[in-house]
file my_file-v6.csv (CSV, C-alpha atoms)
chain,number,residue,atom,x,y,z
A,1,MET,CA,-15.4,38.6,-24.0
A,2,ILE,CA,-17.8,35.8,-25.2
A,3,ALA,CA,-15.9,35.4,-28.4
A,4,ALA,CA,-12.6,35.1,-26.5
A,5,ARG,CA,-14.1,32.5,-24.2
A,6,GLY,CA,-15.4,30.6,-27.2
A,7,ALA,CA,-12.0,30.7,-28.9
A,8,ARG,CA,-10.4,29.4,-25.7
A,9,ARG,CA,-12.9,26.5,-25.5
A,10,LEU,CA,-12.3,25.6,-29.1
A,11,ALA,CA,-8.5,25.7,-28.6
A,12,ALA,CA,-8.8,23.5,-25.5
A,13,CYS,CA,-11.1,21.0,-27.4
A,14,ALA,CA,-8.7,21.0,-30.3
A,15,LEU,CA,-5.7,20.2,-28.0
A,16,ALA,CA,-7.7,17.4,-26.3
A,17,LEU,CA,-8.7,15.9,-29.6
A,18,ALA,CA,-5.1,16.1,-30.9
A,19,ILE,CA,-3.9,14.3,-27.8
A,20,SER,CA,-6.6,11.6,-28.1
A,21,VAL,CA,-5.8,11.0,-31.8
A,22,SER,CA,-2.0,11.0,-31.0
A,23,VAL,CA,-2.5,8.4,-28.2
A,24,ALA,CA,-4.7,6.2,-30.4
A,25,ALA,CA,-2.1,6.3,-33.3
A,26,GLN,CA,0.8,5.5,-31.0
A,27,GLU,CA,-1.1,2.6,-29.4
A,28,ALA,CA,-1.6,1.1,-32.8
A,29,ALA,CA,2.1,1.6,-33.6
A,30,LEU,CA,3.1,-0.3,-30.5
A,31,ALA,CA,1.7,-3.6,-31.8
A,32,ALA,CA,5.2,-5.1,-31.8
A,33,CYS,CA,8.1,-4.6,-29.4
A,34,ARG,CA,11.8,-4.5,-29.7
A,35,ILE,CA,13.7,-7.8,-29.5
A,36,GLU,CA,16.4,-7.7,-26.9
A,37,ARG,CA,19.1,-10.4,-27.1
A,38,ASN,CA,20.6,-10.8,-23.7
A,39,ALA,CA,23.0,-13.7,-23.2
A,40,THR,CA,22.7,-13.5,-19.4
A,41,LEU,CA,18.9,-13.7,-19.3
A,42,SER,CA,18.8,-16.3,-22.0
A,43,SER,CA,21.2,-18.5,-20.1
A,44,LEU,CA,19.1,-18.7,-16.9
A,45,GLY,CA,17.3,-21.8,-18.0
A,46,HIS,CA,14.5,-22.2,-15.5
A,47,SER,CA,11.1,-20.4,-15.3
A,48,TYR,CA,8.1,-20.6,-13.0
A,49,VAL,CA,4.8,-19.1,-14.1
A,50,ARG,CA,2.2,-17.8,-11.7
A,51,GLY,CA,-0.5,-15.8,-13.5
A,52,GLU,CA,1.0,-13.0,-15.4
A,53,PHE,CA,4.4,-13.4,-13.7
A,54,ARG,CA,7.2,-15.4,-15.2
A,55,VAL,CA,10.0,-15.9,-12.6
A,56,VAL,CA,13.2,-16.8,-14.4
A,57,TYR,CA,16.2,-18.2,-12.5
A,58,THR,CA,19.1,-20.7,-12.7
A,59,LEU,CA,20.7,-23.3,-10.4
A,60,ASP,CA,24.1,-23.1,-12.1
A,61,GLY,CA,26.8,-20.5,-12.9
A,62,PRO,CA,27.3,-17.0,-11.6
A,63,HIS,CA,23.6,-16.2,-11.2
A,64,ALA,CA,22.7,-19.5,-9.4
A,65,LEU,CA,20.3,-19.2,-6.5
A,66,PRO,CA,22.5,-19.3,-3.3
A,67,ASP,CA,19.6,-21.0,-1.5
A,68,ALA,CA,17.7,-23.6,-3.6
A,69,ARG,CA,15.9,-25.3,-0.7
A,70,ASP,CA,12.6,-26.9,-1.6
A,71,LEU,CA,10.7,-27.5,1.6
A,72,ASN,CA,7.5,-28.7,0.0
A,73,GLY,CA,9.3,-30.9,-2.5
A,74,ASN,CA,7.5,-29.7,-5.6
A,75,GLY,CA,10.6,-29.2,-7.6
A,76,VAL,CA,10.6,-25.4,-7.4
A,77,PRO,CA,13.0,-23.6,-5.0
A,78,ASP,CA,11.2,-21.9,-2.1
A,79,LYS,CA,12.8,-18.6,-3.0
A,80,VAL,CA,11.2,-18.7,-6.5
A,81,GLU,CA,7.7,-19.6,-5.1
A,82,ASP,CA,7.9,-17.0,-2.4
A,83,VAL,CA,8.8,-14.3,-4.9
A,84,ALA,CA,5.8,-15.3,-7.1
A,85,THR,CA,3.5,-15.4,-4.1
A,86,GLN,CA,4.5,-11.9,-3.0
A,87,LEU,CA,4.0,-10.6,-6.5
A,88,VAL,CA,0.5,-12.1,-6.8
A,89,VAL,CA,-0.4,-10.7,-3.4
A,90,GLY,CA,0.9,-7.3,-4.5
A,91,ARG,CA,-1.2,-7.4,-7.7
A,92,ARG,CA,-4.3,-8.3,-5.7
A,93,LEU,CA,-3.6,-5.5,-3.2
A,94,PHE,CA,-3.0,-2.8,-5.8
A,95,SER,CA,-5.7,-3.9,-8.3
A,96,GLU,CA,-8.4,-5.6,-6.3
A,97,VAL,CA,-8.2,-3.8,-2.9
A,98,MET,CA,-6.9,-0.4,-4.0
A,99,GLY,CA,-8.6,-0.3,-7.4
A,100,MET,CA,-5.5,0.7,-9.4
A,101,THR,CA,-5.3,-0.4,-13.1
A,102,HIS,CA,-3.0,-3.3,-13.7
A,103,PRO,CA,0.1,-2.3,-15.8
A,104,LEU,CA,-0.7,-4.8,-18.5
A,105,ARG,CA,-4.2,-3.2,-18.9
A,106,GLN,CA,-2.7,0.2,-19.4
A,107,PRO,CA,-2.4,1.6,-23.0
A,108,ARG,CA,1.3,1.9,-22.6
A,109,TYR,CA,1.7,-1.8,-21.9
A,110,ALA,CA,-1.1,-3.2,-24.0
A,111,ARG,CA,1.3,-5.3,-26.1
A,112,ALA,CA,3.0,-7.0,-23.1
A,113,ALA,CA,1.9,-10.5,-22.3
A,114,SER,CA,3.7,-11.0,-19.1
A,115,ILE,CA,5.8,-9.4,-16.4
A,116,ASP,CA,9.2,-11.2,-16.5
A,117,VAL,CA,11.1,-11.4,-13.2
A,118,PHE,CA,14.8,-12.3,-13.3
A,119,LEU,CA,16.6,-13.5,-10.2
A,120,LEU,CA,20.2,-12.4,-10.6
A,121,LYS,CA,23.4,-11.8,-8.7
A,122,MET,CA,23.1,-8.0,-8.9
A,123,GLU,CA,26.1,-5.8,-8.5
A,124,LYS,CA,24.1,-3.0,-6.9
A,125,GLY,CA,20.8,-2.8,-5.1
A,126,ASN,CA,18.0,-5.3,-4.3
A,127,GLY,CA,15.9,-4.8,-7.4
A,128,LEU,CA,15.2,-2.9,-10.6
A,129,SER,CA,12.0,-2.3,-12.5
A,130,TYR,CA,12.2,-1.4,-16.2
A,131,ASP,CA,9.7,0.8,-18.0
A,132,GLU,CA,10.1,-0.5,-21.6
A,133,VAL,CA,8.4,-3.5,-23.2
A,134,MET,CA,10.8,-6.0,-24.7
A,135,ASN,CA,10.9,-9.5,-26.3
A,136,TYR,CA,13.7,-11.5,-24.7
A,137,ARG,CA,12.9,-14.7,-26.6
A,138,LEU,CA,13.5,-16.8,-23.5
A,139,ASP,CA,11.4,-19.9,-24.1
A,140,SER,CA,12.6,-22.5,-26.6
A,141,SER,CA,9.1,-23.7,-26.9
A,142,GLU,CA,8.0,-20.3,-28.1
A,143,PRO,CA,10.7,-19.4,-30.7
A,144,ALA,CA,9.2,-16.1,-31.6
A,145,GLY,CA,9.0,-15.1,-27.9
A,146,HIS,CA,6.5,-12.5,-26.6
A,147,CYS,CA,6.5,-8.9,-25.4
A,148,ALA,CA,7.0,-8.4,-21.7
A,149,THR,CA,7.9,-5.9,-19.0
A,150,ARG,CA,10.8,-6.6,-16.8
A,151,ILE,CA,11.8,-6.7,-13.1
A,152,ASP,CA,15.3,-7.8,-11.8
A,153,LEU,CA,15.6,-9.0,-8.3
A,154,LEU,CA,18.7,-9.9,-6.2
A,155,ASN,CA,18.8,-13.7,-5.9
A,156,SER,CA,20.3,-13.7,-2.4
A,157,HIS,CA,18.0,-11.5,-0.3
A,158,SER,CA,15.8,-13.2,2.2
A,159,ASN,CA,12.8,-15.0,0.7
A,160,GLN,CA,10.3,-12.6,2.4
A,161,ASN,CA,12.0,-9.3,1.7
A,162,VAL,CA,9.5,-6.8,0.3
A,163,THR,CA,11.5,-5.8,-2.7
A,164,PRO,CA,9.3,-7.7,-5.1
A,165,LEU,CA,6.3,-5.7,-4.0
A,166,HIS,CA,8.3,-2.4,-4.2
A,167,GLU,CA,9.4,-3.2,-7.8
A,168,LEU,CA,5.9,-4.3,-8.8
A,169,PHE,CA,4.6,-0.9,-7.6
A,170,HIS,CA,7.0,0.8,-10.0
A,171,GLN,CA,5.3,-1.2,-12.8
A,172,TYR,CA,2.0,0.3,-11.7
A,173,GLN,CA,3.5,3.8,-11.6
A,174,TYR,CA,5.0,3.4,-15.1
A,175,GLY,CA,1.6,2.3,-16.4
A,176,TYR,CA,0.0,5.5,-15.2
A,177,THR,CA,2.7,8.2,-16.0
A,178,MET,CA,5.8,8.9,-18.0
A,179,PHE,CA,7.2,11.1,-15.1
A,180,LYS,CA,10.1,9.4,-13.2
A,181,PRO,CA,11.4,11.8,-10.6
A,182,ARG,CA,12.8,9.6,-7.8
A,183,TRP,CA,11.2,11.7,-5.1
A,184,LEU,CA,7.8,10.6,-6.5
A,185,LEU,CA,8.6,7.0,-7.6
A,186,GLU,CA,10.8,5.8,-4.8
A,187,GLY,CA,8.9,7.6,-2.0
A,188,THR,CA,5.5,6.2,-3.0
A,189,ALA,CA,6.9,2.7,-3.6
A,190,ARG,CA,8.4,2.8,-0.1
A,191,TRP,CA,4.9,3.9,1.1
A,192,ALA,CA,3.5,0.8,-0.6
A,193,GLU,CA,5.8,-1.5,1.2
A,194,TYR,CA,3.8,-1.0,4.4
A,195,ALA,CA,1.0,-3.1,2.9
A,196,LEU,CA,3.3,-6.0,3.9
A,197,ARG,CA,5.6,-4.4,6.5
A,198,SER,CA,4.8,-4.5,10.2
A,199,GLY,CA,4.5,-1.4,12.3
A,200,GLU,CA,3.7,2.3,11.6
A,201,PRO,CA,5.7,4.0,8.8
A,202,PRO,CA,7.8,7.0,9.7
A,203,GLN,CA,6.4,10.5,9.1
A,204,GLN,CA,7.7,14.0,9.0
A,205,SER,CA,5.8,17.3,9.2
A,206,LEU,CA,4.7,18.6,5.8
A,207,PRO,CA,6.9,21.2,4.2
A,208,ALA,CA,5.7,24.7,4.8
A,209,THR,CA,8.0,26.8,2.6
A,210,LEU,CA,9.7,26.4,-0.8
A,211,PRO,CA,13.1,25.9,0.7
A,212,ALA,CA,11.6,23.1,2.9
A,213,LEU,CA,9.9,21.6,-0.2
A,214,GLN,CA,13.3,21.5,-2.0
A,215,ALA,CA,15.1,20.0,1.0
A,216,GLN,CA,12.4,17.5,2.1
A,217,VAL,CA,11.1,16.5,-1.3
A,218,PHE,CA,12.8,17.5,-4.5
A,219,SER,CA,16.3,16.7,-3.3
A,220,GLN,CA,15.3,13.3,-1.8
A,221,THR,CA,14.5,9.8,-3.0
A,222,TYR,CA,13.4,7.0,-0.7
A,223,ALA,CA,13.2,9.5,2.2
A,224,THR,CA,10.3,11.3,0.7
A,225,SER,CA,8.2,8.3,1.9
A,226,THR,CA,7.9,10.3,5.2
A,227,LEU,CA,5.9,13.0,3.2
A,228,TRP,CA,3.6,10.4,1.5
A,229,ASN,CA,3.1,8.7,4.9
A,230,ARG,CA,2.2,11.9,6.5
A,231,LEU,CA,-0.3,12.9,3.8
A,232,ALA,CA,-1.7,9.4,3.8
A,233,ASP,CA,-2.3,9.6,7.6
A,234,ILE,CA,-3.8,13.0,7.5
A,235,LEU,CA,-6.2,12.1,4.7
A,236,ASP,CA,-7.0,8.6,5.9
A,237,PRO,CA,-6.4,8.3,9.6
A,238,LYS,CA,-8.1,4.9,9.9
A,239,GLY,CA,-6.3,3.4,7.0
A,240,ARG,CA,-8.1,0.1,6.9
A,241,LEU,CA,-7.8,-2.3,4.0
A,242,GLU,CA,-10.8,-4.4,3.1
A,243,LEU,CA,-8.9,-7.7,2.5
A,244,PRO,CA,-10.7,-10.7,1.1
A,245,ALA,CA,-10.3,-13.6,3.6
A,246,ASP,CA,-8.2,-15.7,1.2
A,247,LEU,CA,-5.8,-12.9,0.5
A,248,ALA,CA,-5.4,-12.1,4.2
A,249,GLN,CA,-4.5,-15.8,4.8
A,250,THR,CA,-2.0,-16.2,1.9
A,251,ARG,CA,1.2,-17.8,3.2
A,252,TYR,CA,4.8,-18.3,2.1
A,253,VAL,CA,6.2,-21.8,1.7
A,254,ASP,CA,7.3,-21.9,5.3
A,255,GLY,CA,3.8,-21.2,6.5
A,256,SER,CA,4.3,-17.5,7.5
A,257,LEU,CA,1.7,-15.0,6.5
A,258,VAL,CA,2.5,-12.6,3.6
A,259,ILE,CA,0.2,-9.8,5.0
A,260,HIS,CA,0.7,-8.9,8.7
A,261,GLY,CA,-2.3,-6.6,9.1
A,262,ASP,CA,-5.1,-4.7,7.4
A,263,GLN,CA,-3.7,-1.2,7.8
A,264,LEU,CA,-2.3,1.0,5.0
A,265,HIS,CA,-3.2,4.7,5.1
A,266,GLY,CA,-4.0,6.8,2.1
A,267,THR,CA,-4.8,4.2,-0.6
A,268,ALA,CA,-7.5,6.4,-2.2
A,269,PHE,CA,-5.1,9.3,-2.2
A,270,VAL,CA,-2.3,7.5,-3.9
A,271,LYS,CA,-4.6,6.0,-6.5
A,272,ALA,CA,-6.1,9.4,-7.3
A,273,LEU,CA,-2.6,11.0,-7.5
A,274,PHE,CA,-1.4,8.6,-10.2
A,275,GLU,CA,-4.7,8.9,-12.1
A,276,ALA,CA,-4.1,12.7,-12.1
A,277,LEU,CA,-0.5,12.4,-13.4
A,278,GLY,CA,-1.4,10.6,-16.7
A,279,PRO,CA,-3.4,13.6,-18.2
A,280,LEU,CA,-0.6,15.9,-17.0
A,281,ASP,CA,2.1,14.1,-18.8
A,282,HIS,CA,-0.1,13.9,-22.0
A,283,ASP,CA,-0.3,17.7,-21.8
A,284,VAL,CA,3.4,18.0,-21.4
A,285,ALA,CA,4.1,15.7,-24.3
A,286,ALA,CA,1.7,17.7,-26.6
A,287,ARG,CA,3.2,21.0,-25.5
A,288,ASN,CA,6.7,19.8,-26.4
A,289,GLY,CA,6.0,17.7,-29.5
A,290,TRP,CA,7.0,14.4,-27.8
A,291,ARG,CA,5.5,11.1,-28.5
A,292,VAL,CA,3.1,10.2,-25.7
A,293,PHE,CA,4.9,7.0,-24.8
A,294,GLY,CA,8.3,7.8,-26.3
A,295,TRP,CA,10.0,10.3,-24.0
A,296,LYS,CA,13.7,10.3,-23.6
A,297,GLU,CA,14.9,9.0,-20.2
A,298,GLY,CA,16.3,12.4,-19.4
A,299,ASP,CA,13.0,14.0,-20.0
A,300,GLN,CA,11.2,11.5,-17.9
A,301,ARG,CA,13.5,12.2,-14.9
A,302,SER,CA,14.0,15.9,-15.5
A,303,SER,CA,13.5,18.2,-12.6
A,304,MET,CA,11.9,20.7,-14.9
A,305,HIS,CA,8.6,18.9,-14.3
A,306,ASP,CA,8.9,19.0,-10.5
A,307,GLY,CA,6.8,22.2,-10.1
A,308,GLU,CA,3.9,21.0,-12.3
A,309,ILE,CA,3.9,17.5,-10.7
A,310,PHE,CA,3.8,18.9,-7.2
A,311,GLN,CA,1.1,21.4,-8.2
A,312,ARG,CA,-0.9,18.3,-9.2
A,313,VAL,CA,0.0,16.6,-5.8
A,314,ILE,CA,-1.4,19.6,-4.0
A,315,GLN,CA,-4.6,19.7,-6.1
A,316,VAL,CA,-5.2,16.0,-5.4
A,317,VAL,CA,-4.6,16.5,-1.6
A,318,ARG,CA,-7.1,19.3,-1.6
A,319,GLN,CA,-9.7,17.2,-3.4
A,320,GLN,CA,-9.2,14.2,-1.1
A,321,ALA,CA,-9.3,16.4,2.0
A,322,GLU,CA,-12.7,17.7,0.8
A,323,ARG,CA,-14.0,14.2,0.0
A,324,SER,CA,-12.9,12.7,3.3
A,325,ARG,CA,-13.9,15.8,5.3
A,326,THR,CA,-10.4,16.0,6.8
A,327,PRO,CA,-10.3,18.5,9.7
A,328,ALA,CA,-8.6,21.8,9.0
A,329,SER,CA,-5.2,22.3,10.5
A,330,VAL,CA,-2.4,24.8,10.2
A,331,GLU,CA,0.0,22.2,8.9
A,332,LEU,CA,-2.3,21.1,6.1
A,333,GLU,CA,-3.4,24.7,5.1
A,334,THR,CA,0.2,25.9,5.1
A,335,PHE,CA,1.1,23.0,2.8
A,336,LEU,CA,-1.7,23.7,0.4
A,337,ALA,CA,-0.7,27.3,0.2
A,338,LEU,CA,2.6,26.1,-1.4
A,339,GLU,CA,0.7,26.0,-4.7
A,340,THR,CA,0.4,29.8,-4.7
A,341,SER,CA,4.0,30.1,-3.6
A,342,LEU,CA,5.1,27.9,-6.5
A,343,ARG,CA,3.2,30.1,-9.0
A,344,GLN,CA,4.5,33.3,-7.5
A,345,GLU,CA,8.1,32.1,-7.8
A,346,GLY,CA,7.5,30.9,-11.4
A,347,VAL,CA,8.4,27.3,-10.4
A,348,VAL,CA,5.2,26.0,-12.1
A,349,PRO,CA,5.7,27.0,-15.8
A,350,GLY,CA,2.8,27.7,-18.1
A,351,VAL,CA,4.8,26.1,-21.0
A,352,VAL,CA,7.8,23.8,-20.8
A,353,VAL,CA,10.7,24.9,-22.9
A,354,LYS,CA,10.3,23.2,-26.3
A,355,ARG,CA,12.7,20.4,-27.3
A,356,ASN,CA,13.2,18.4,-30.4
A,357,ALA,CA,10.3,16.0,-31.1
A,358,GLN,CA,11.1,12.4,-30.2
call {"tool": "encode", "arguments": {"input": "my_file-v6.csv", "output": "structure tokens"}}
result
Amino acid sequence: MIAARGARRLAACALALAISVSVAAQEAALAACRIERNATLSSLGHSYVRGEFRVVYTLDGPHALPDARDLNGNGVPDKVEDVATQLVVGRRLFSEVMGMTHPLRQPRYARAASIDVFLLKMEKGNGLSYDEVMNYRLDSSEPAGHCATRIDLLNSHSNQNVTPLHELFHQYQYGYTMFKPRWLLEGTARWAEYALRSGEPPQQSLPATLPALQAQVFSQTYATSTLWNRLADILDPKGRLELPADLAQTRYVDGSLVIHGDQLHGTAFVKALFEALGPLDHDVAARNGWRVFGWKEGDQRSSMHDGEIFQRVIQVVRQQAERSRTPASVELETFLALETSLRQEGVVPGVVVKRNAQ
């Protein structure tokens, strides 16, 4: 028995060491990024830099800003300034207030020098956040260009629409984990919007059975925000943000406040959740012979990971409930019992089916 335990410990240590070495080797290999020549992006012509954010836009052609008003007369359209202001507020909320690691400080994005935000006439949706680092060679004063992550935003939505914050939260998610199921990414990004939205976010009772889990969570996208909002409220009923005074008073060009209150439930829970997903995706990568930061898009989005991801969700909920001394309830205990149900049904695999190495 002792020998068996020792062998298991040695195997676990060997796997951890292999993962560590693999991550370090891949980080070194990411010193350069792929050059992406995009005629549309290169033609936009104007950029406004605020911190790590480079907002790129145009006043001419098919992607011209529909509203180029400049109330403060500083030569930059209010739309552009307001987008930059919301992004900076979002970064301060997520990094300074919540304590999440900035995407550009994550190993996956160590080579990126900026987050490039393109204001475009999008055919579909209000925004899109990309998870790859590219060099778009946009600035003529910098012929070689530099590596950047990318966000696209609709150039015609209202200046104070919360899409910039939503898409920025996706950048934070990508920095933590390779997993991209929409029930996780879109649901928690919608949760994050309530850092700026007024009012209480909608909730729904926690799923109590595997069919309910499938219907309420795995088969949904944005609507799973009701799950995250419910968990956040249970684990953090007060939900008070400790906002620095200058952050709380940040305003858009027209003088309106960016942040409307100091309430957002569950910040410690959401931070702990994404911190827990990184080690899990490293394990999955090692198990399948994939590069740590080089998964195929289909593997990132695959439902084959749903069971393992949700098992980790339940584990984090249990840990946070213990730390916050959350009162016991039938709703919460039934939800936590889903971990056993998942295992009994074989939904949480011990080993993911092997695929070709990336």
call {"tool": "residues_around", "arguments": {"input": "my_file-v6.csv", "residues": "Met98 of chain A", "least_positions_apart": "4", "cutoff": "7 Å", "atoms": "only C-alpha atoms", "output": "list of chain:residue names"}}
result
A:Leu93, A:Phe94, A:Thr267
call {"tool": "atom_distance", "arguments": {"input": "my_file-v6.csv", "atom1": "atom CA of Trp295 of chain A", "atom2": "atom CA of Val117 of chain A"}}
result
24.3 Å
call {"tool": "closest_residue", "arguments": {"input": "my_file-v6.csv", "among": "A:Ala195, A:Met304, A:Ala276, A:Ala32", "to": "His166 of chain A", "atoms": "only C-alpha atoms"}}
result
A:Ala195
call {"tool": "residues_around", "arguments": {"input": "my_file-v6.csv", "residues": "Val270 of chain A", "least_positions_apart": "2", "cutoff": "12 Å", "atoms": "all atoms listed in the file", "output": "ChimeraX atom specification"}}
result
/A:94,98-100,169,172-173,176,184-185,187-189,191-192,228-229,231-233,235-236,264-268,272-277,313,316-317,320
call {"tool": "residues_around", "arguments": {"input": "my_file-v6.csv", "residues": "Gln315 of chain A", "least_positions_apart": "6", "cutoff": "12 Å", "atoms": "all atoms listed in the file", "output": "VMD selection string"}}
result
chain A and resid 269 272 to 273 276 to 277 308 to 309 321 to 322 335 to 340
call {"tool": "atom_distance", "arguments": {"input": "my_file-v6.csv", "atom1": "atom CA of Ala212 of chain A", "atom2": "atom CA of Gln263 of chain A"}}
result
29.1 Å
call {"tool": "closest_residue", "arguments": {"input": "my_file-v6.csv", "among": "A:Leu332, A:Val80, A:Val133, A:Leu342", "to": "Ala64 of chain A", "atoms": "all atoms listed in the file"}}
result
A:Val80
call {"tool": "atom_distance", "arguments": {"input": "my_file-v6.csv", "atom1": "atom CA of Glu333 of chain A", "atom2": "atom CA of Ala208 of chain A"}}
result
9.1 Å
call {"tool": "closest_residue", "arguments": {"input": "my_file-v6.csv", "among": "A:Tyr136, A:Pro279, A:Ile234, A:Ala68", "to": "Ala328 of chain A", "atoms": "all atoms listed in the file"}}
result
A:Ile234
call {"tool": "residues_near_point", "arguments": {"input": "my_file-v6.csv", "point": "(3.2, 14.8, -16.2)", "cutoff": "8 Å", "atoms": "all atoms listed in the file", "output": "list in words"}}
result
Thr177, Met178, Phe179, Leu277, Gly278, Pro279, Leu280, Asp281, His282, Asp283, Val284, His305, Glu308 and Ile309 of chain A
call {"tool": "closest_residue", "arguments": {"input": "my_file-v6.csv", "among": "A:Arg92, A:Asp306, A:Tyr252, A:Leu87", "to": "Ser219 of chain A", "atoms": "only C-alpha atoms"}}
result
A:Asp306
call {"tool": "build_atoms", "arguments": {"input": "my_file-v6.csv", "residues": "segment 238-252 of chain A", "atoms": "N, CA and C atoms", "output": "PDB file, in the coordinates of the input"}}
result
ATOM      1  N   LYS A 238      -7.815   6.286   9.592  1.00  0.00           N
ATOM      2  CA  LYS A 238      -8.100   4.900   9.900  1.00  0.00           C
ATOM      3  C   LYS A 238      -7.285   3.923   9.122  1.00  0.00           C
ATOM      4  N   GLY A 239      -7.191   4.153   7.845  1.00  0.00           N
ATOM      5  CA  GLY A 239      -6.300   3.400   7.000  1.00  0.00           C
ATOM      6  C   GLY A 239      -6.553   1.896   6.949  1.00  0.00           C
ATOM      7  N   ARG A 240      -7.804   1.497   6.932  1.00  0.00           N
ATOM      8  CA  ARG A 240      -8.100   0.100   6.900  1.00  0.00           C
ATOM      9  C   ARG A 240      -8.291  -0.470   5.526  1.00  0.00           C
ATOM     10  N   LEU A 241      -7.631  -1.594   5.246  1.00  0.00           N
ATOM     11  CA  LEU A 241      -7.800  -2.300   4.000  1.00  0.00           C
ATOM     12  C   LEU A 241      -8.881  -3.327   4.085  1.00  0.00           C
ATOM     13  N   GLU A 242      -9.749  -3.375   3.105  1.00  0.00           N
ATOM     14  CA  GLU A 242     -10.800  -4.400   3.100  1.00  0.00           C
ATOM     15  C   GLU A 242     -10.238  -5.613   2.342  1.00  0.00           C
ATOM     16  N   LEU A 243      -9.636  -6.512   3.110  1.00  0.00           N
ATOM     17  CA  LEU A 243      -8.900  -7.700   2.500  1.00  0.00           C
ATOM     18  C   LEU A 243      -9.866  -8.853   2.386  1.00  0.00           C
ATOM     19  N   PRO A 244      -9.949  -9.453   1.195  1.00  0.00           N
ATOM     20  CA  PRO A 244     -10.700 -10.700   1.100  1.00  0.00           C
ATOM     21  C   PRO A 244     -10.001 -11.753   2.006  1.00  0.00           C
ATOM     22  N   ALA A 245     -10.795 -12.642   2.568  1.00  0.00           N
ATOM     23  CA  ALA A 245     -10.300 -13.600   3.600  1.00  0.00           C
ATOM     24  C   ALA A 245      -9.140 -14.432   3.027  1.00  0.00           C
ATOM     25  N   ASP A 246      -9.265 -14.895   1.781  1.00  0.00           N
ATOM     26  CA  ASP A 246      -8.200 -15.700   1.200  1.00  0.00           C
ATOM     27  C   ASP A 246      -6.910 -14.971   1.030  1.00  0.00           C
ATOM     28  N   LEU A 247      -7.021 -13.689   0.691  1.00  0.00           N
ATOM     29  CA  LEU A 247      -5.800 -12.900   0.500  1.00  0.00           C
ATOM     30  C   LEU A 247      -5.140 -12.641   1.861  1.00  0.00           C
ATOM     31  N   ALA A 248      -5.923 -12.343   2.886  1.00  0.00           N
ATOM     32  CA  ALA A 248      -5.400 -12.100   4.200  1.00  0.00           C
ATOM     33  C   ALA A 248      -4.645 -13.332   4.755  1.00  0.00           C
ATOM     34  N   GLN A 249      -5.043 -14.521   4.315  1.00  0.00           N
ATOM     35  CA  GLN A 249      -4.500 -15.800   4.800  1.00  0.00           C
ATOM     36  C   GLN A 249      -3.417 -16.367   3.897  1.00  0.00           C
ATOM     37  N   THR A 250      -3.022 -15.643   2.847  1.00  0.00           N
ATOM     38  CA  THR A 250      -2.000 -16.200   1.900  1.00  0.00           C
ATOM     39  C   THR A 250      -0.673 -16.336   2.697  1.00  0.00           C
ATOM     40  N   ARG A 251      -0.010 -17.464   2.458  1.00  0.00           N
ATOM     41  CA  ARG A 251       1.200 -17.800   3.200  1.00  0.00           C
ATOM     42  C   ARG A 251       2.365 -18.115   2.248  1.00  0.00           C
ATOM     43  N   TYR A 252       3.577 -17.904   2.765  1.00  0.00           N
ATOM     44  CA  TYR A 252       4.800 -18.300   2.100  1.00  0.00           C
ATOM     45  C   TYR A 252       4.957 -19.837   2.250  1.00  0.00           C
TER      46      TYR A 252
END
